[in-house]
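Peer 1: One file is attached below, entry-v2.cif, containing mmCIF, C-alpha atoms.
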```
data_model
loop_
_atom_site.label_atom_id
_atom_site.label_comp_id
_atom_site.auth_asym_id
_atom_site.auth_seq_id
_atom_site.Cartn_x
_atom_site.Cartn_y
_atom_site.Cartn_z
CA MET M 1 125.24 84.19 52.93
CA LYS M 2 123.82 87.58 53.97
CA LYS M 3 120.30 86.29 53.30
CA THR M 4 120.91 83.25 55.51
CA ALA M 5 122.29 85.43 58.34
CA LYS M 6 119.29 87.78 58.12
CA PHE M 7 116.89 84.81 58.11
CA SER M 8 118.59 83.33 61.23
CA PHE M 9 118.48 86.70 63.02
CA ASN M 10 114.75 87.21 62.24
CA LEU M 11 114.06 83.71 63.46
CA PHE M 12 116.00 84.35 66.66
CA VAL M 13 114.15 87.64 67.40
CA LEU M 14 110.78 85.99 66.77
CA GLU M 15 111.77 83.08 69.00
CA LEU M 16 112.84 85.54 71.70
CA LEU M 17 109.45 87.32 71.61
CA VAL M 18 107.39 84.13 71.81
CA TYR M 19 109.72 82.85 74.51
CA ALA M 20 109.30 86.05 76.59
CA GLY M 21 105.51 85.66 76.56
CA LEU M 22 105.70 82.03 77.61
CA ILE M 23 108.14 82.81 80.41
CA THR M 24 105.82 85.50 81.81
CA VAL M 25 103.01 82.94 82.01
CA TYR M 26 105.49 80.51 83.59
CA TYR M 27 106.31 82.97 86.42
CA LEU M 28 102.70 83.70 87.17
CA LEU M 29 101.51 80.12 87.18
CA VAL M 30 104.38 77.84 88.19
CA LEU M 31 106.76 79.78 90.47
CA HIS M 32 103.95 81.50 92.38
CA PHE M 33 102.48 78.14 93.41
CA LEU M 34 105.78 76.24 93.63
CA GLY M 35 107.50 78.66 96.05
CA PRO M 36 105.71 77.96 99.35
CA GLY M 37 105.70 74.18 98.81
CA LEU M 38 109.42 74.09 98.04
CA GLN M 39 110.24 76.23 101.06
CA ASP M 40 108.41 73.75 103.27
CA VAL M 41 110.34 70.81 101.78
CA TYR M 42 113.61 72.78 102.13
CA GLU M 43 112.99 73.32 105.83
CA HIS M 44 111.76 69.85 106.78
CA LYS M 45 112.98 67.25 104.24
CA ARG M 46 116.44 68.23 103.02
CA HIS M 47 117.13 64.94 101.15
CA LEU M 48 113.87 65.28 99.22
CA TYR M 49 114.73 68.92 98.50
CA ALA M 50 118.14 67.93 97.07
CA GLY M 51 116.49 65.41 94.75
CA LEU M 52 113.75 67.86 93.77
CA ALA M 53 116.27 70.65 93.09
CA LEU M 54 118.25 68.48 90.67
CA GLY M 55 115.08 67.03 89.12
CA LEU M 56 113.48 70.45 88.59
CA ILE M 57 116.49 72.07 86.96
CA VAL M 58 117.17 69.04 84.73
CA GLY M 59 113.45 68.82 83.86
CA GLN M 60 113.28 72.51 83.00
CA GLY M 61 116.45 72.14 80.90
CA PHE M 62 114.87 69.44 78.76
CA LEU M 63 111.46 71.15 78.68
CA LEU M 64 112.89 74.44 77.41
CA GLU M 65 115.00 72.64 74.83
CA VAL M 66 111.92 70.82 73.48
CA LEU M 67 109.99 74.09 73.55
CA THR M 68 112.72 75.91 71.59
CA ARG M 69 112.85 73.12 69.01
CA VAL M 70 109.05 73.15 68.58
CA LEU M 71 109.10 76.96 68.27
CA LEU M 72 111.76 76.79 65.56
CA ILE M 73 109.77 74.21 63.58
CA TRP M 74 106.60 76.29 63.97
CA MET M 75 108.26 79.60 63.03
CA LYS M 76 110.32 78.51 60.00
CA PRO M 77 107.34 78.54 57.57
CA LEU M 78 106.24 81.93 59.02
CA THR M 79 109.60 83.60 58.33
CA LYS M 80 109.83 82.05 54.84
CA ASP M 81 106.43 83.57 53.94
CA ARG M 82 107.73 87.09 54.58
CA MET I 1 109.87 88.97 93.28
CA THR I 2 110.60 87.40 96.67
CA PHE I 3 112.62 84.21 96.85
CA PRO I 4 111.67 82.75 100.24
CA ILE I 5 114.37 80.07 100.52
CA ALA I 6 117.31 82.50 100.31
CA GLY I 7 115.17 85.27 101.81
CA VAL I 8 115.98 87.87 99.12
CA ASN I 9 114.01 90.17 96.83
CA ILE I 10 115.32 90.25 93.25
CA ALA I 11 113.78 91.44 89.96
CA PRO I 12 113.28 88.39 87.68
CA THR I 13 114.44 90.41 84.64
CA TYR I 14 117.84 90.92 86.33
CA LEU I 15 118.18 87.17 86.81
CA ILE I 16 117.09 86.47 83.21
CA VAL I 17 119.62 88.95 81.77
CA VAL I 18 122.44 87.50 83.90
CA GLY I 19 121.34 84.00 82.85
CA PHE I 20 121.23 85.00 79.18
CA ILE I 21 124.79 86.43 79.20
CA VAL I 22 126.17 83.41 81.04
CA GLY I 23 124.17 81.14 78.69
CA VAL I 24 125.78 82.65 75.58
CA LEU I 25 129.23 82.18 77.17
CA GLY I 26 128.43 78.57 78.03
CA GLY I 27 127.12 77.70 74.58
CA PHE I 28 129.98 79.39 72.77
CA PHE I 29 133.01 78.59 74.95
CA GLY I 30 131.87 75.54 76.89
CA VAL I 31 132.36 77.21 80.27
CA GLY I 32 129.92 77.47 83.17
CA GLY I 33 130.47 81.21 83.61
CA SER I 34 130.45 81.03 87.40
CA PHE I 35 133.12 83.77 87.58
CA LEU I 36 130.47 86.17 86.21
CA ALA I 37 127.21 84.68 87.57
CA GLY I 38 128.54 84.35 91.14
CA PRO I 39 129.46 88.03 91.63
CA ALA I 40 126.18 89.06 89.86
CA LEU I 41 124.11 87.06 92.38
CA PHE I 42 126.20 88.35 95.27
CA ALA I 43 125.66 91.94 94.07
CA ALA I 44 121.88 91.31 94.06
CA GLY I 45 122.01 90.49 97.77
CA VAL I 46 122.12 86.68 97.68
CA PRO I 47 124.12 85.29 100.66
CA MET I 48 127.50 83.79 99.62
CA ASN I 49 126.63 80.19 100.58
CA PHE I 50 123.51 80.40 98.34
CA VAL I 51 125.57 82.03 95.55
CA VAL I 52 127.86 78.98 95.27
CA GLY I 53 125.10 76.34 95.50
CA THR I 54 122.48 78.13 93.38
CA ASP I 55 125.01 78.93 90.65
CA LEU I 56 125.91 75.23 90.44
CA ALA I 57 122.22 74.29 90.12
CA HIS I 58 121.66 76.84 87.33
CA ILE I 59 124.80 75.53 85.54
CA VAL I 60 123.26 72.01 85.42
CA GLY I 61 120.12 73.14 83.55
CA LYS I 62 122.02 75.44 81.20
CA SER I 63 124.78 72.96 80.40
CA ILE I 64 122.24 70.21 79.62
CA VAL I 65 120.64 72.44 76.97
CA ALA I 66 124.00 73.49 75.50
CA ALA I 67 125.40 69.95 75.65
CA ARG I 68 122.40 68.57 73.78
CA LYS I 69 122.77 71.28 71.17
CA HIS I 70 126.46 70.41 70.77
CA ARG I 71 125.56 66.73 70.54
CA THR I 72 123.23 67.37 67.61
CA LEU I 73 126.09 69.31 65.97
CA GLY I 74 128.40 66.30 66.53
CA ASN I 75 130.63 68.21 68.97
CA ILE I 76 130.65 65.69 71.85
CA ASP I 77 133.02 62.73 72.08
CA ILE I 78 130.87 60.43 74.24
CA LYS I 79 133.66 57.86 74.72
CA LEU I 80 136.08 60.55 75.93
CA GLY I 81 133.39 62.06 78.18
CA ALA I 82 132.55 58.69 79.75
CA ILE I 83 136.20 58.04 80.66
CA MET I 84 136.59 61.58 82.00
CA VAL I 85 133.59 61.25 84.36
CA VAL I 86 135.63 58.95 86.67
CA GLY I 87 138.47 61.47 86.95
CA THR I 88 136.10 64.46 87.25
CA ILE I 89 134.09 63.09 90.19
CA THR I 90 137.26 61.99 92.02
CA GLY I 91 138.78 65.41 91.40
CA VAL I 92 135.70 67.33 92.63
CA GLU I 93 135.74 65.37 95.88
CA ALA I 94 139.52 65.89 96.27
CA GLY I 95 139.10 69.65 95.69
CA ALA I 96 136.25 69.85 98.23
CA GLN I 97 138.37 67.97 100.77
CA ILE I 98 141.24 70.48 100.26
CA VAL I 99 138.77 73.32 100.97
CA GLN I 100 137.56 71.54 104.13
CA TRP I 101 141.17 71.13 105.28
CA LEU I 102 141.89 74.82 104.61
CA LYS I 103 138.69 75.78 106.48
CA ARG I 104 139.90 73.86 109.53
CA ALA I 105 143.26 75.66 109.24
CA ALA I 106 141.38 79.00 108.81
CA ARG I 107 143.29 79.73 105.59
CA VAL I 108 140.59 79.28 102.96
CA ASP I 109 140.36 82.93 101.82
CA SER I 110 144.10 83.56 101.81
CA VAL I 111 144.78 80.43 99.70
CA VAL I 112 141.75 80.04 97.38
CA GLY I 113 141.56 83.70 96.21
CA PRO I 114 145.20 84.16 95.15
CA THR I 115 145.25 80.63 93.61
CA PHE I 116 142.22 81.56 91.51
CA ILE I 117 143.88 84.77 90.28
CA VAL I 118 147.18 83.06 89.42
CA ALA I 119 145.38 80.22 87.58
CA LEU I 120 143.20 82.58 85.54
CA LEU I 121 146.07 84.94 84.63
CA GLY I 122 148.21 81.97 83.61
CA ILE I 123 145.45 80.57 81.37
CA ALA I 124 144.78 83.95 79.72
CA GLY I 125 148.50 84.55 79.08
CA PHE I 126 149.07 81.11 77.62
CA MET I 127 145.98 81.22 75.40
CA THR I 128 146.87 84.70 74.08
CA TRP I 129 150.35 83.53 73.11
CA GLU I 130 149.02 80.34 71.49
CA ALA I 131 146.15 81.95 69.57
CA VAL I 132 148.39 84.75 68.23
CA SER I 133 151.02 82.20 67.11
CA THR I 134 148.37 80.05 65.42
CA LEU I 135 146.73 82.96 63.62
CA ARG I 136 150.17 84.21 62.45
CA GLU I 137 150.97 80.74 61.14
CA GLN I 138 147.62 80.55 59.33
CA ARG I 139 148.18 83.97 57.76
CA LYS I 140 151.54 82.75 56.37
CA GLN I 141 149.87 79.73 54.83
CA ARG I 142 146.98 81.71 53.32
CA GLY I 143 148.89 82.28 50.07
CA GLN I 144 149.23 78.56 49.46
CA LYS I 145 146.23 76.80 47.98
CA ASP I 146 145.63 73.82 50.25
CA ARG I 147 142.70 71.53 50.83
CA ALA I 148 141.84 73.04 54.21
CA ALA I 149 140.87 76.30 52.53
CA LYS I 150 137.91 74.56 50.91
CA THR I 151 136.49 73.19 54.15
CA HIS I 152 133.99 74.98 56.43
CA PRO I 153 135.67 77.58 58.73
CA SER I 154 134.39 75.80 61.86
CA ARG I 155 136.23 72.61 60.86
CA ARG I 156 139.63 74.25 60.15
CA ASP I 157 141.35 73.81 63.49
CA HIS I 158 145.14 74.07 63.86
CA SER I 159 147.16 74.76 66.97
CA ALA I 160 150.71 76.05 67.31
CA MET I 161 151.02 73.77 70.36
CA GLU I 162 150.42 70.46 68.58
CA PHE I 163 153.85 69.14 69.62
CA ILE I 164 152.58 68.91 73.25
CA SER I 165 149.56 66.77 72.36
CA ARG I 166 151.73 64.60 70.07
CA ALA I 167 154.04 63.95 73.05
CA VAL I 168 151.02 63.05 75.23
CA HIS I 169 149.78 60.64 72.53
CA ARG I 170 153.17 58.88 72.65
CA ILE I 171 152.83 58.03 76.38
CA SER I 172 153.06 54.24 76.43
CA LEU I 173 151.36 53.59 79.82
CA PRO I 174 148.54 51.02 79.18
CA PRO I 175 145.59 50.73 78.71
CA HIS I 176 145.19 52.73 75.49
CA VAL I 177 141.98 53.79 73.73
CA SER I 178 141.18 55.21 70.33
CA LEU I 179 138.95 58.29 70.02
CA PRO I 180 137.65 58.28 66.43
CA VAL I 181 135.30 61.24 66.99
CA SER I 182 138.29 63.38 68.07
CA GLY I 183 140.56 61.92 65.38
CA ILE I 184 142.95 60.28 67.88
CA ALA I 185 144.24 56.82 66.94
CA SER I 186 145.62 55.88 70.35
CA ILE I 187 146.00 57.58 73.75
CA SER I 188 146.72 56.37 77.28
CA VAL I 189 143.60 56.29 79.50
CA TRP I 190 145.74 57.69 82.33
CA ALA I 191 146.39 60.90 80.38
CA ILE I 192 142.61 61.41 79.98
CA LEU I 193 141.95 60.60 83.65
CA LEU I 194 144.66 63.02 84.79
CA VAL I 195 143.19 65.90 82.76
CA ALA I 196 139.69 65.11 84.10
CA PHE I 197 141.03 64.86 87.67
CA VAL I 198 142.78 68.25 87.43
CA GLY I 199 139.55 69.84 86.07
CA GLY I 200 137.59 68.21 88.90
CA VAL I 201 140.02 69.47 91.56
CA PHE I 202 139.67 73.03 90.23
CA SER I 203 135.86 72.65 90.27
CA GLY I 204 135.80 71.36 93.86
CA PHE I 205 138.48 73.80 95.06
CA LEU I 206 137.45 77.04 93.31
CA GLY I 207 133.76 76.35 92.55
CA GLY I 208 131.81 76.39 89.26
CA GLY I 209 132.24 73.98 86.37
CA ALA I 210 136.00 74.69 85.86
CA GLY I 211 135.62 74.81 82.07
CA TYR I 212 138.30 77.52 82.03
CA ILE I 213 140.94 74.92 82.94
CA ARG I 214 139.42 71.76 81.38
CA MET I 215 138.90 73.20 77.90
CA PRO I 216 142.55 74.37 77.41
CA CYS I 217 143.77 71.02 78.81
CA LEU I 218 141.59 69.09 76.32
CA ILE I 219 142.85 71.17 73.40
CA TYR I 220 146.54 71.53 74.18
CA LEU I 221 147.36 68.40 76.21
CA LEU I 222 145.06 65.79 74.65
CA GLY I 223 144.91 67.35 71.17
CA ILE I 224 141.09 67.37 70.99
CA PRO I 225 139.73 69.65 68.21
CA THR I 226 138.33 72.89 69.70
CA HIS I 227 134.70 72.20 68.76
CA ILE I 228 134.80 68.70 70.27
CA ALA I 229 136.58 70.11 73.37
CA VAL I 230 133.81 72.69 73.90
CA GLY I 231 131.04 70.06 73.62
CA THR I 232 132.79 67.42 75.73
CA ASP I 233 133.70 70.02 78.36
CA LEU I 234 129.99 70.91 78.66
CA PHE I 235 129.20 67.23 79.16
CA GLU I 236 131.73 67.12 82.05
CA ILE I 237 130.30 70.33 83.54
CA VAL I 238 126.86 68.67 83.68
CA ILE I 239 128.39 65.81 85.73
CA SER I 240 130.44 67.93 88.15
CA ALA I 241 127.71 70.57 88.64
CA SER I 242 125.03 67.89 89.28
CA TYR I 243 127.23 66.35 91.95
CA GLY I 244 127.86 69.83 93.42
CA THR I 245 124.14 70.72 93.35
CA VAL I 246 123.11 67.66 95.38
CA THR I 247 125.93 68.15 97.92
CA HIS I 248 125.15 71.86 98.39
CA ALA I 249 121.35 71.29 98.48
CA LEU I 250 121.85 68.79 101.32
CA LYS I 251 123.82 71.51 103.17
CA GLY I 252 120.98 74.02 102.54
CA ASN I 253 122.95 76.18 100.08
CA VAL I 254 120.64 76.01 97.02
CA ASP I 255 117.67 78.30 96.25
CA ILE I 256 116.25 76.35 93.34
CA LEU I 257 113.69 79.06 92.50
CA ILE I 258 116.47 81.56 91.74
CA ALA I 259 118.24 78.91 89.67
CA LEU I 260 115.03 78.15 87.70
CA VAL I 261 114.43 81.82 86.85
CA MET I 262 118.07 82.39 85.85
CA HIS I 263 117.95 79.28 83.73
CA THR I 264 115.06 80.56 81.59
CA GLY I 265 117.40 83.28 80.26
CA ALA I 266 120.36 80.91 80.07
CA ALA I 267 118.44 78.36 77.97
CA ILE I 268 117.98 80.70 75.02
CA GLY I 269 121.46 82.21 75.47
CA ALA I 270 123.00 78.74 75.30
CA GLN I 271 121.17 78.05 72.01
CA LEU I 272 122.59 81.25 70.54
CA GLY I 273 126.12 80.56 71.83
CA ALA I 274 126.22 77.00 70.47
CA THR I 275 124.96 78.15 67.06
CA LEU I 276 127.64 80.88 66.92
CA THR I 277 130.45 78.28 67.13
CA GLN I 278 129.54 77.20 63.58
CA TYR I 279 130.62 80.58 62.19
CA PHE I 280 134.09 80.81 63.75
CA ALA I 281 137.31 78.83 63.26
CA GLY I 282 138.99 77.20 66.31
CA ALA I 283 141.76 79.78 66.81
CA ARG I 284 139.24 82.64 66.76
CA ILE I 285 137.06 80.94 69.41
CA ARG I 286 140.18 80.56 71.59
CA MET I 287 141.07 84.24 71.00
CA ALA I 288 137.57 85.37 72.07
CA PHE I 289 137.88 83.22 75.22
CA ILE I 290 140.91 85.21 76.50
CA PRO I 291 139.07 88.14 78.21
CA LEU I 292 136.93 85.75 80.31
CA PRO I 293 139.64 84.52 82.71
CA LEU I 294 140.90 88.13 82.92
CA ILE I 295 137.42 89.35 83.97
CA GLY I 296 137.27 86.58 86.56
CA ALA I 297 140.72 87.49 87.90
CA GLY I 298 139.73 91.18 88.07
CA LEU I 299 136.52 90.41 89.97
CA MET I 300 138.38 88.20 92.43
CA LEU I 301 141.14 90.76 92.98
CA HIS I 302 138.55 93.49 93.55
CA SER I 303 136.66 91.31 96.04
CA LEU I 304 139.82 90.40 97.94
CA LEU I 305 140.95 94.02 98.13
CA SER I 306 137.52 95.28 99.18
CA GLY I 307 137.22 92.55 101.80
CA HIS I 308 134.37 90.53 100.20
CA PRO I 309 134.62 86.86 99.28
CA ALA I 310 134.05 86.62 95.51
CA LYS I 311 133.44 82.94 95.00
#
```
Would you encode the structure as structure tokens?
Peer 2:
Amino acid sequence: MKKTAKFSFNLFVLELLVYAGLITVYYLLVLHFLGPGLQDVYEHKRHLYAGLALGLIVGQGFLLEVLTRVLLIWMKPLTKDR
Amino acid sequence: MTFPIAGVNIAPTYLIVVGFIVGVLGGFFGVGGSFLAGPALFAAGVPMNFVVGTDLAHIVGKSIVAARKHRTLGNIDIKLGAIMVVGTITGVEAGAQIVQWLKRAARVDSVVGPTFIVALLGIAGFMTWEAVSTLREQRKQRGQKDRAAKTHPSRRDHSAMEFISRAVHRISLPPHVSLPVSGIASISVWAILLVAFVGGVFSGFLGGGAGYIRMPCLIYLLGIPTHIAVGTDLFEIVISASYGTVTHALKGNVDILIALVMHTGAAIGAQLGATLTQYFAGARIRMAFIPLPLIGAGLMLHSLLSGHPAK
């Protein structure tokens, strides 16, 4: 039981580190370029903005979930090797 | 980092940490956590109209992740959730209409704030009493060797308030449905719709996903096992928060960039919270939930006394 808990914790920390790196890249690339465009849509096309807002947050929700799942599959053999 | 839509400057790490904490709460308890995220955004300088709308948008993304996680764990009763959607949407609209009426009467702050405090204190008091009674009952039974002792802790779920849900199950108003996932042979659809409607009204009236009222109602009134209640509640939060996001975005109250950054922290927090539910029995989850409504009530009371709106 203790071994399983330690394994899960190691996996979680490793996932957190990889995740942090990916999020930093995400800020630099996506949000930097997305900001001005979204502000323009917000000011001039409110209906489109409402649709985009929901679409973006739902899309990111699914994207991050897939990413987390892929990371877990990728990291499991790495933590077992240790 | 500057967020041009709301016109504020906030450190992304602050938003990620807030998102992470709220994400863990959402994954573990099935609540949106708006009573913590809202004041945290407000404290960072986000205008109140953007706090309400942006928090709802962030709840959508986070709840989708947590709900999917709960679905893979078998914690969502899809049939129950589908019936509840009708009551939830109607309730959200009814709650929003009550707020509009209070706005016209210029009584929104004096009615919404105290109602929020009374509701949260009532929930915390009731859940404390119930969880203590259940744990005491379980301790008495520990000496006896029963079958339940051999099952996984997360699946041992008893409530001292089961007589209430049994009475609700006996309501003979047709039509009736069976909920095999929740272990309910027959229940009136009207009882489910009423619970969903009440949750929706709280969401539309007080803001957020209203998991703090829906989850106890699912457990104690409908007799849904705690783990299924948490998952199904998250499913309902996705529906009500999506509806709220679109409505508020149309009114110009959503800064989606803030919501996206907050959500990156919430996504991983939600994974952790949902996984943690596997290691705790139902009564212990309910016990851990108790401080949350108290924190919300404290924040609201502080905001009302200091003259700031806290929703």
Peer 1: Hey, could you make a per-residue contact list for range 225-268 of chain I against range 95-103 of chain I with 12 Å as the cut-off, showing the nearest pair of atoms and its distance in Å to one decimal, counting all atoms listed in the file, sorted by chain and number, as CSV?
Peer 2:
```
residue,atom,partner,partner_atom,distance
I:Ser240,CA,I:Gly95,CA,11.6
I:Tyr243,CA,I:Ala96,CA,11.5
I:Gly244,CA,I:Ala96,CA,9.7
I:Thr247,CA,I:Ala96,CA,10.5
I:His248,CA,I:Ala96,CA,11.3
```
Peer 1: Give me the residues near Leu34 in chain M as JSON, numbers by chain, where near means some atom within 12 Å (using all atoms listed in the file) and where sequence neighbours in that chain fewer than 4 positions away do not count.
Peer 2: {"M": [26, 27, 28, 29, 30, 38, 39, 40, 41, 52, 53, 56], "I": [3, 4, 5, 256, 257, 260]}
Peer 1: Counting all atoms listed in the file, a student should be able to say which residues of chain M come within 6 Å of chain I; what is the right answer, written as a list of chain:residue names?
Peer 2: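 Those within range of chain I come out as M:Gln39, M:Arg46, M:Ala50, M:Ala53, M:Ile57, M:Val58, M:Gly61.
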Peer 1: Taking into account all atoms listed in the file, which residue in the set I:Leu292, I:Ala191, I:Val198, I:Val18 is nearest to Ser172 in chain I?
Peer 2: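 Result for the nearest residue to Ser172 in chain I: I:Ala191.
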Peer 1: Expressed in Å to a single decimal, how great is the separation between CA of Leu193 in chain I and CA of Ala210 in chain I?
Peer 2: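 Interatomic distance, CA of Leu193 in chain I to CA of Ala210 in chain I: 15.5 Å.
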Peer 1: Would you mind reading off the distance between CA of Gly23 in chain I and CA of Leu36 in chain I, one decimal, in Å?
Peer 2: 11.0 Å
Peer 1: Just to confirm, what's the straight-line distance from CA of Thr68 in chain M to CA of Ala229 in chain I in Å (one decimal)?
Peer 2: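 Atom-to-atom, CA of Thr68 in chain M to CA of Ala229 in chain I, that is 24.6 Å.
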